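Trainee: Please see the structure below; I have some questions.
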Protein chains: 2
Amino acid sequence: MSTPEALQRAASSLQHTTRQSVAELFSKDEPITVGDYLLTRLSQLGVKSMFGLPGDFNLGFLDLVEDHESIEWVGNCNELNAAYAADGYARVHQNSIGVITTTFGVGELSAINGIAGAFSEHIPILHIVGVPSTVQQKNRPVLHHTLGDGRFDAYTKAAEQFTVAQTNLMNLENAASEIDRVLTQCITAARPVYLTLPTDIAKAKISSDGLKTPLVRHTPPNDPGAESFVLDEIVKLVELAEGKVVVLVDACTIRHDVKDEVHDLLAKTHYPVFSAPMGKTAVNESYERYGGIFCGALSRPDILETVKTAKLILYIGAIKSDFNTGNWSYTIPDSAVVELHSDHTQVQFARFPSIGMKHLLPRLTERLKPFKPTGKITVPRTVEQAPPDPSTTITHDFLWPTVGGFFGKKDIIVAETGTSSFGILDVPFPDDSIFVSQILWGSIGWTVGSTLGAALAAKQLGLGRTILFVGDGSLQLTVQEISVMIRSGLTPIIFVLNNKGYTIERYLHGKTRKYNDISNWKWTTILSTLGGVEGQTCQSYTVGTKQELTTLLNNATFAKADKIQLVEILMEWDDAPRALKRQAQLSAV
Amino acid sequence: MSTPEALQRAASSLQHTTRQSVAELFSKDEPITVGDYLLTRLSQLGVKSMFGLPGDFNLGFLDLVEDHESIEWVGNCNELNAAYAADGYARVHQNSIGVITTTFGVGELSAINGIAGAFSEHIPILHIVGVPSTVQQKNRPVLHHTLGDGRFDAYTKAAEQFTVAQTNLMNLENAASEIDRVLTQCITAARPVYLTLPTDIAKAKISSDGLKTPLVRHTPPNDPGAESFVLDEIVKLVELAEGKVVVLVDACTIRHDVKDEVHDLLAKTHYPVFSAPMGKTAVNESYERYGGIFCGALSRPDILETVKTAKLILYIGAIKSDFNTGNWSYTIPDSAVVELHSDHTQVQFARFPSIGMKHLLPRLTERLKPFKPTGKITVPRTVEQAPPDPSTTITHDFLWPTVGGFFGKKDIIVAETGTSSFGILDVPFPDDSIFVSQILWGSIGWTVGSTLGAALAAKQLGLGRTILFVGDGSLQLTVQEISVMIRSGLTPIIFVLNNKGYTIERYLHGKTRKYNDISNWKWTTILSTLGGVEGQTCQSYTVGTKQELTTLLNNATFAKADKIQLVEILMEWDDAPRALKRQAQLSAV
């Protein structure tokens, strides 16, 4: 295999080895501060940026971060945005994690929606919280940032709802093992974990011995007997399907690191492959057997028809949420579906716990090779074009096919929940591009922080441009984070769909209601207000016609994206992409 | 009594009667939607504004809000800001409550830090969350805004940590009584409560019968025997103190509605009165026996000396947090203190549960009248003046005494945690002004949302100007809410202390560390970017010298505050008010 993914993986593994050697320098049992132990672990995991805000309970730890040789501190404007940034960073820096540091109570609670979103969407984030000293935690005085009633564990109780592991480092004896435990949970489950660091622990010293042993994503091998049974069951169904097998990839293919295994399966079986919305870019879309986005009743009609002809669906890494499945409008019976998950397998109606796809997939590929060239399902390759429309107005029907032609290989394309996340689904993406969207959690404003983290990771990994599509309503929630992009020298292209309100809500309910209106901001002065120098470090545009948009997209200087750019796209308040209109019909309230 | 407070109270009671009559219109047992039942209750409590954001699970309820005759929907830019706004609203609209409506998961969790702050600081807020239908809550599908694992109760579990009562309206039988129960808890405890409203319940009809009976803050009468015992104990101590009694008022004097009772006590005893920082404006500062802010070792030396001479402190409505007490540097022995709280009384070392101050205070006043004119403690009346300084630079030593002269009666003065909240303490406030600050919770950025709510309440109550002091670092967290002030036609004066970073953090730790730096924004284009028209609906200024500041403050047009105004004050990055420097010494980490 010499796919770009494989090369990247090889490079990353090499990097990993280098990091191990660095760790070895520490590892002559030299004492190390707890904070530095943690930072070394993060460095071993490939982390190069930490997001968050200073607060008096984390300042001591931040000294260590600022002094760290390979991890940079990214001071955010607020904690929710910081959590979003950590999330975006982890989505692009695949196989690493996102890290956010906040302060006790006020800081950590501001971030909690971002952490919950990462839980929901399977994103590995470490949330470090600077907390009062171990002595204060025992005496529980009425400190600032407390609830005033001595309940110092209230924030942890909230965090327990949205993280897969928690630890409060209250003593030096188990600090290292606790750090290792929660980080291992984080990378294994691909979900957030929570670690509190008391002020007196951050700089206290412990043995660095543990750092000699790198952390591993130990997806334990499947039980051989059960795995073999499951493989037999699947093979039987494939035989019965007489070649009419379709692979459907979804989010967890990316999150749980089985992209390579899936590519191998596809290469050796030639099964046609479709993607759920959340799985977009799990498979390169130029692949000849890739057929587009399948989303039940929301699918393009030719895709829907093709998938219907399948007698068996191999559904890999599914997240069966409403917006990811066209409101569960799949018409495929359970008897025709095999679901491969990170921690279990479902064959028709039977659930096999602990049979994870990471180990199952290579064996499945081996077993399915004999059934190779089926070719019985022809993959639809049509691409939606902007329908003819004499009006100069930029419509969604025009916008999405048009920007599709602007995307390049390895670009990071971020789409906000709403018209953008629905509109972009049918746009074919170039190879090795990464689609960043939050289709299950759907917290509006998320893309702005996420774009910061995504652009930073893209820069560190040598990927392409970061391109954001966000509505004016959503951007207002989190706008300040653009200033951190500017300060960090990042150069995303931000398309602001100015449609005067919450258009997705209008479609769901209350089309002309005032509660769906927002203030109209002067979008072209946002960059300069937030610290950019217009024409030098930043550039702003407004486009109101189709011609203006295409001219801009064809401008090589614009396309080069060597400074941060914001493009206000004037659109009608009541226009929406096809898929959103259909979704609204399905789930209107 | 004909104090302005008393008049206001009388007006409010009259209003209350009117509201009752309105309620009676509903009350012929006419069915009413659950949403309207709730809105009528809020209207009865004096609520005229509801904060929040639309989300598909609350849109049906928002129809009812938008159609409501006396409650207006204030669409915020994000949920944290909305919670802050509800908090500021409740602080100014005393004896009413703040209300915020958000949507399931993403919305409510974004607000949770604001709710926790209200819990900490005793602010009554109702948090209404639009949630999936009762059917969906039973079947628990993987809806958007869920964690993807069927745990529909996770958000409520988080909310339980930060609210005093919760209800999920799952059936029509108890919807009215549940609404009444949580609202009663809210107004009685002066703390937030949490109510979830399923989509299918919001518009379902119930009996309006309950609305005939207005909700009351039923602080139950104290047990007569215990109360009498406590009074005897206090009187004995007052006798022993030989007239050397000092009253110290704190936050809960305001929050738990005993300002009138305290005024009466002071009028009849002539005891000198001091205020803790969080109690500022509980007593009119022009009152001849008012001596200023007592904050332990952080107090002005003459105040500290005077309080030290007392043999007994009557401490009313205390919140004994670090920043409210000069890091607990009171040197008064417990044997010389009587503490009056909303739900208990502490006499020296003895705690008397359930003896609340609302009923105790009038009886205490009666008992203490005979000990009247003591006059043995002379109240310090000095006011700090700006020390002579030939430099033109605007220092904290200059700023605070100078702006003090700008304040007028009934002004709302909001000070952000940091240099502002410390700097403003020694500034005398005019009568009937309201001090808004978050000294215990201390979530930076809070004042911006809070100013929106405060200014709205001030407008509704016919109070004075709303004047905000906020640092550049804090303002960046929540800046977008200024656009809602503009859209709502509010005209606060926003002083932005531009000192290039988190100066309070610099004093606590890491003075020159990069993590305390922030981006420098173009503050004078913020208003026009966020929807204002410079010179028409808004006006921005930068002042860099003492002369420029005083000239502006003396400008009658500026002082009139008939449009929203932002004043950037250029200050040195390492300057801080006296009290902050001292606090930093006490609590440096």
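Going by the structure tokens order, chains are called A, B, ..., each with residues numbered from 1, while ligands are numbered from 1 in the order shown.
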Run DSSP on the backbone and grab whatever in range 432-502 of chain B lands in helix (DSSP H, G or I); send it over as an mmCIF file with N, CA and C atoms, in the first residue's frame.

Mentor:
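What follows is the written file result.cif:
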data_model
loop_
_atom_site.group_PDB
_atom_site.id
_atom_site.type_symbol
_atom_site.label_atom_id
_atom_site.label_comp_id
_atom_site.auth_asym_id
_atom_site.auth_seq_id
_atom_site.Cartn_x
_atom_site.Cartn_y
_atom_site.Cartn_z
ATOM 1 N N TRP B 446 -18.423 37.772 32.540
ATOM 2 C CA TRP B 446 -19.793 37.747 33.048
ATOM 3 C C TRP B 446 -20.487 39.109 32.963
ATOM 4 N N THR B 447 -19.749 40.183 33.192
ATOM 5 C CA THR B 447 -20.405 41.502 33.251
ATOM 6 C C THR B 447 -21.048 41.910 31.939
ATOM 7 N N VAL B 448 -20.560 41.368 30.818
ATOM 8 C CA VAL B 448 -21.068 41.840 29.527
ATOM 9 C C VAL B 448 -22.513 41.378 29.346
ATOM 10 N N GLY B 449 -22.738 40.063 29.527
ATOM 11 C CA GLY B 449 -24.112 39.583 29.499
ATOM 12 C C GLY B 449 -24.935 40.209 30.609
ATOM 13 N N SER B 450 -24.327 40.296 31.777
ATOM 14 C CA SER B 450 -25.019 40.831 32.935
ATOM 15 C C SER B 450 -25.463 42.285 32.710
ATOM 16 N N THR B 451 -24.630 43.047 32.031
ATOM 17 C CA THR B 451 -24.974 44.447 31.734
ATOM 18 C C THR B 451 -26.208 44.526 30.837
ATOM 19 N N LEU B 452 -26.303 43.610 29.889
ATOM 20 C CA LEU B 452 -27.501 43.571 29.042
ATOM 21 C C LEU B 452 -28.750 43.406 29.904
ATOM 22 N N GLY B 453 -28.723 42.393 30.789
ATOM 23 C CA GLY B 453 -29.890 42.151 31.648
ATOM 24 C C GLY B 453 -30.137 43.291 32.608
ATOM 25 N N ALA B 454 -29.061 43.825 33.174
ATOM 26 C CA ALA B 454 -29.183 44.919 34.137
ATOM 27 C C ALA B 454 -29.780 46.161 33.473
ATOM 28 N N ALA B 455 -29.288 46.467 32.287
ATOM 29 C CA ALA B 455 -29.764 47.674 31.592
ATOM 30 C C ALA B 455 -31.234 47.536 31.209
ATOM 31 N N LEU B 456 -31.620 46.329 30.841
ATOM 32 C CA LEU B 456 -33.019 46.088 30.471
ATOM 33 C C LEU B 456 -33.927 46.267 31.692
ATOM 34 N N ALA B 457 -33.503 45.696 32.812
ATOM 35 C CA ALA B 457 -34.296 45.837 34.041
ATOM 36 C C ALA B 457 -34.338 47.298 34.477
ATOM 37 N N ALA B 458 -33.218 47.986 34.372
ATOM 38 C CA ALA B 458 -33.167 49.397 34.774
ATOM 39 C C ALA B 458 -34.139 50.224 33.949
ATOM 40 N N LYS B 459 -34.189 49.924 32.660
ATOM 41 C CA LYS B 459 -35.106 50.641 31.764
ATOM 42 C C LYS B 459 -36.558 50.363 32.169
ATOM 43 N N GLN B 460 -36.849 49.105 32.440
ATOM 44 C CA GLN B 460 -38.220 48.731 32.814
ATOM 45 C C GLN B 460 -38.646 49.356 34.142
ATOM 46 N N LEU B 461 -37.670 49.546 35.050
ATOM 47 C CA LEU B 461 -37.991 50.071 36.377
ATOM 48 C C LEU B 461 -37.788 51.577 36.479
ATOM 49 N N ASP B 472 -10.068 44.513 28.904
ATOM 50 C CA ASP B 472 -10.051 44.010 27.532
ATOM 51 C C ASP B 472 -10.048 42.481 27.494
ATOM 52 N N GLY B 473 -9.345 41.870 28.429
ATOM 53 C CA GLY B 473 -9.293 40.403 28.463
ATOM 54 C C GLY B 473 -10.663 39.810 28.702
ATOM 55 N N SER B 474 -11.356 40.308 29.686
ATOM 56 C CA SER B 474 -12.677 39.766 30.022
ATOM 57 C C SER B 474 -13.696 40.024 28.919
ATOM 58 N N LEU B 475 -13.633 41.207 28.342
ATOM 59 C CA LEU B 475 -14.623 41.562 27.321
ATOM 60 C C LEU B 475 -14.540 40.631 26.110
ATOM 61 N N GLN B 476 -13.344 40.127 25.847
ATOM 62 C CA GLN B 476 -13.202 39.238 24.687
ATOM 63 C C GLN B 476 -14.000 37.946 24.845
ATOM 64 N N LEU B 477 -14.254 37.523 26.072
ATOM 65 C CA LEU B 477 -14.979 36.257 26.264
ATOM 66 C C LEU B 477 -16.418 36.320 25.769
ATOM 67 N N THR B 478 -17.033 37.489 25.886
ATOM 68 C CA THR B 478 -18.497 37.573 25.745
ATOM 69 C C THR B 478 -18.931 38.775 24.900
ATOM 70 N N GLU B 481 -22.392 40.010 22.955
ATOM 71 C CA GLU B 481 -23.665 40.405 23.557
ATOM 72 C C GLU B 481 -23.914 41.903 23.447
ATOM 73 N N ILE B 482 -22.858 42.661 23.159
ATOM 74 C CA ILE B 482 -23.057 44.096 22.903
ATOM 75 C C ILE B 482 -24.044 44.293 21.749
ATOM 76 N N SER B 483 -24.042 43.375 20.790
ATOM 77 C CA SER B 483 -24.949 43.548 19.644
ATOM 78 C C SER B 483 -26.408 43.446 20.073
ATOM 79 N N VAL B 484 -26.657 42.667 21.109
ATOM 80 C CA VAL B 484 -28.038 42.559 21.594
ATOM 81 C C VAL B 484 -28.441 43.834 22.343
ATOM 82 N N MET B 485 -27.473 44.445 23.029
ATOM 83 C CA MET B 485 -27.762 45.739 23.662
ATOM 84 C C MET B 485 -28.160 46.752 22.581
ATOM 85 N N ILE B 486 -27.403 46.752 21.484
ATOM 86 C CA ILE B 486 -27.678 47.696 20.393
ATOM 87 C C ILE B 486 -29.069 47.437 19.818
ATOM 88 N N ARG B 487 -29.337 46.167 19.506
ATOM 89 C CA ARG B 487 -30.632 45.832 18.897
ATOM 90 C C ARG B 487 -31.790 46.157 19.823
#

Trainee: Near Phe435 in chain A, counting only C-alpha atoms, which residues have an atom at most 9 Å away, once you skip same-chain residues fewer than 6 positions from it, shown as an MDAnalysis selection string?

Mentor: chainID A and resid 91:92 278:282 411:415 429

Trainee: Any idea which chain A residues end up within 7 Å of chain B if we count only C-alpha atoms, as a ChimeraX atom specification please?

Mentor: /A:54-56,59,75,77-78,106,109-110,112-113,119-120,142-148,154,158,161,320-323,440-443,476-477,480,483,487,505,508-509,515-516,519-523,525-526,529-531

Trainee: Would you pick out the contacts of Val338 in chain B at 6 Å or less, using only C-alpha atoms, so that residues sharing its chain but fewer than 2 positions from it are not included, and give the list as a VMD selection string?

Mentor: chain B and resid 314 to 315 346 to 348

Trainee: Show me, as a list in words, the residues that have an atom within 7 Å of range 568-571 of chain A when counting only C-alpha atoms, minus same-chain residues fewer than 2 positions from it.

Mentor: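 My reading of the contact set: Ile394, Thr395, Phe495, Val496, Leu497, Asn498, Asn499, Trp523, Tyr541, Thr542, Val543, Gly544, Leu566 and Trp573 of chain A.
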
Trainee: If you run DSSP on this backbone, which residues of range 268-474 of chain A come out as strand (DSSP E), and could you give them as a PyMOL selection string?

Mentor: chain A and resi 273-275+290-293+312-316+337-340+344-347+350-353+412-415+434-436+466-471

Trainee: Quick one: distance from CA of Ala86 in chain A to CA of Arg191 in chain A in Å, one decimal?

Mentor: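 Separation of CA of Ala86 in chain A and CA of Arg191 in chain A: 12.1 Å.
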
Trainee: If you count only C-alpha atoms, which residues fall within 10 Å of Gln185 in chain A, apart from same-chain ones fewer than 3 positions away, as a list in words?

Mentor: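 Those residues are Pro124, Thr163, Val164, Ala165, Gln166, Asp180, Arg181, Val182, Thr188, Ala189, Ala190, Arg191, Pro192, Val193, Arg217 and His218 of chain A.
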
Trainee: Write out as a ChimeraX atom specification the residues lying within 7 Å of range 416-428 of chain A, counting only C-alpha atoms and excluding same-chain residues fewer than 5 positions away.

Mentor: /A:277,285,293,396,400-401,404,437-439,442,444,447,469-470,504,576-577,579-580

Trainee: Please compute the CA of Asn222 in chain B-CA of Gly356 in chain B distance, one decimal, in Å.

Mentor: 6.7 Å

Trainee: Excluding Cys252 in chain B and any residue of its chain fewer than 4 positions from it, enumerate the residues within 8 Å of it, using only C-alpha atoms, and give them as a PyMOL selection string.

Mentor: chain B and resi 122+256-257+279+316-319+341-342

Trainee: Have a look at A:Leu237, A:Val283, A:Ala83, A:Ala310 and name the one nearest to Val262 in chain A; count only C-alpha atoms.

Mentor: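 Residue with the minimum atom-to-atom distance to Val262 in chain A: A:Val283.
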
Trainee: I'd like the interatomic distance between CA of Lys205 in chain B and CA of Leu64 in chain B, to a tenth of an Å.

Mentor: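 So the two atoms, CA of Lys205 in chain B and CA of Leu64 in chain B, lie 12.7 Å apart.
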
Trainee: Using only C-alpha atoms, can you tell me which of A:Lys409, A:Leu549, A:Phe352, A:Thr491 comes closest to Leu468 in chain A?

Mentor: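 Looking at the shortest contact to Leu468 in chain A, the residue is A:Thr491.
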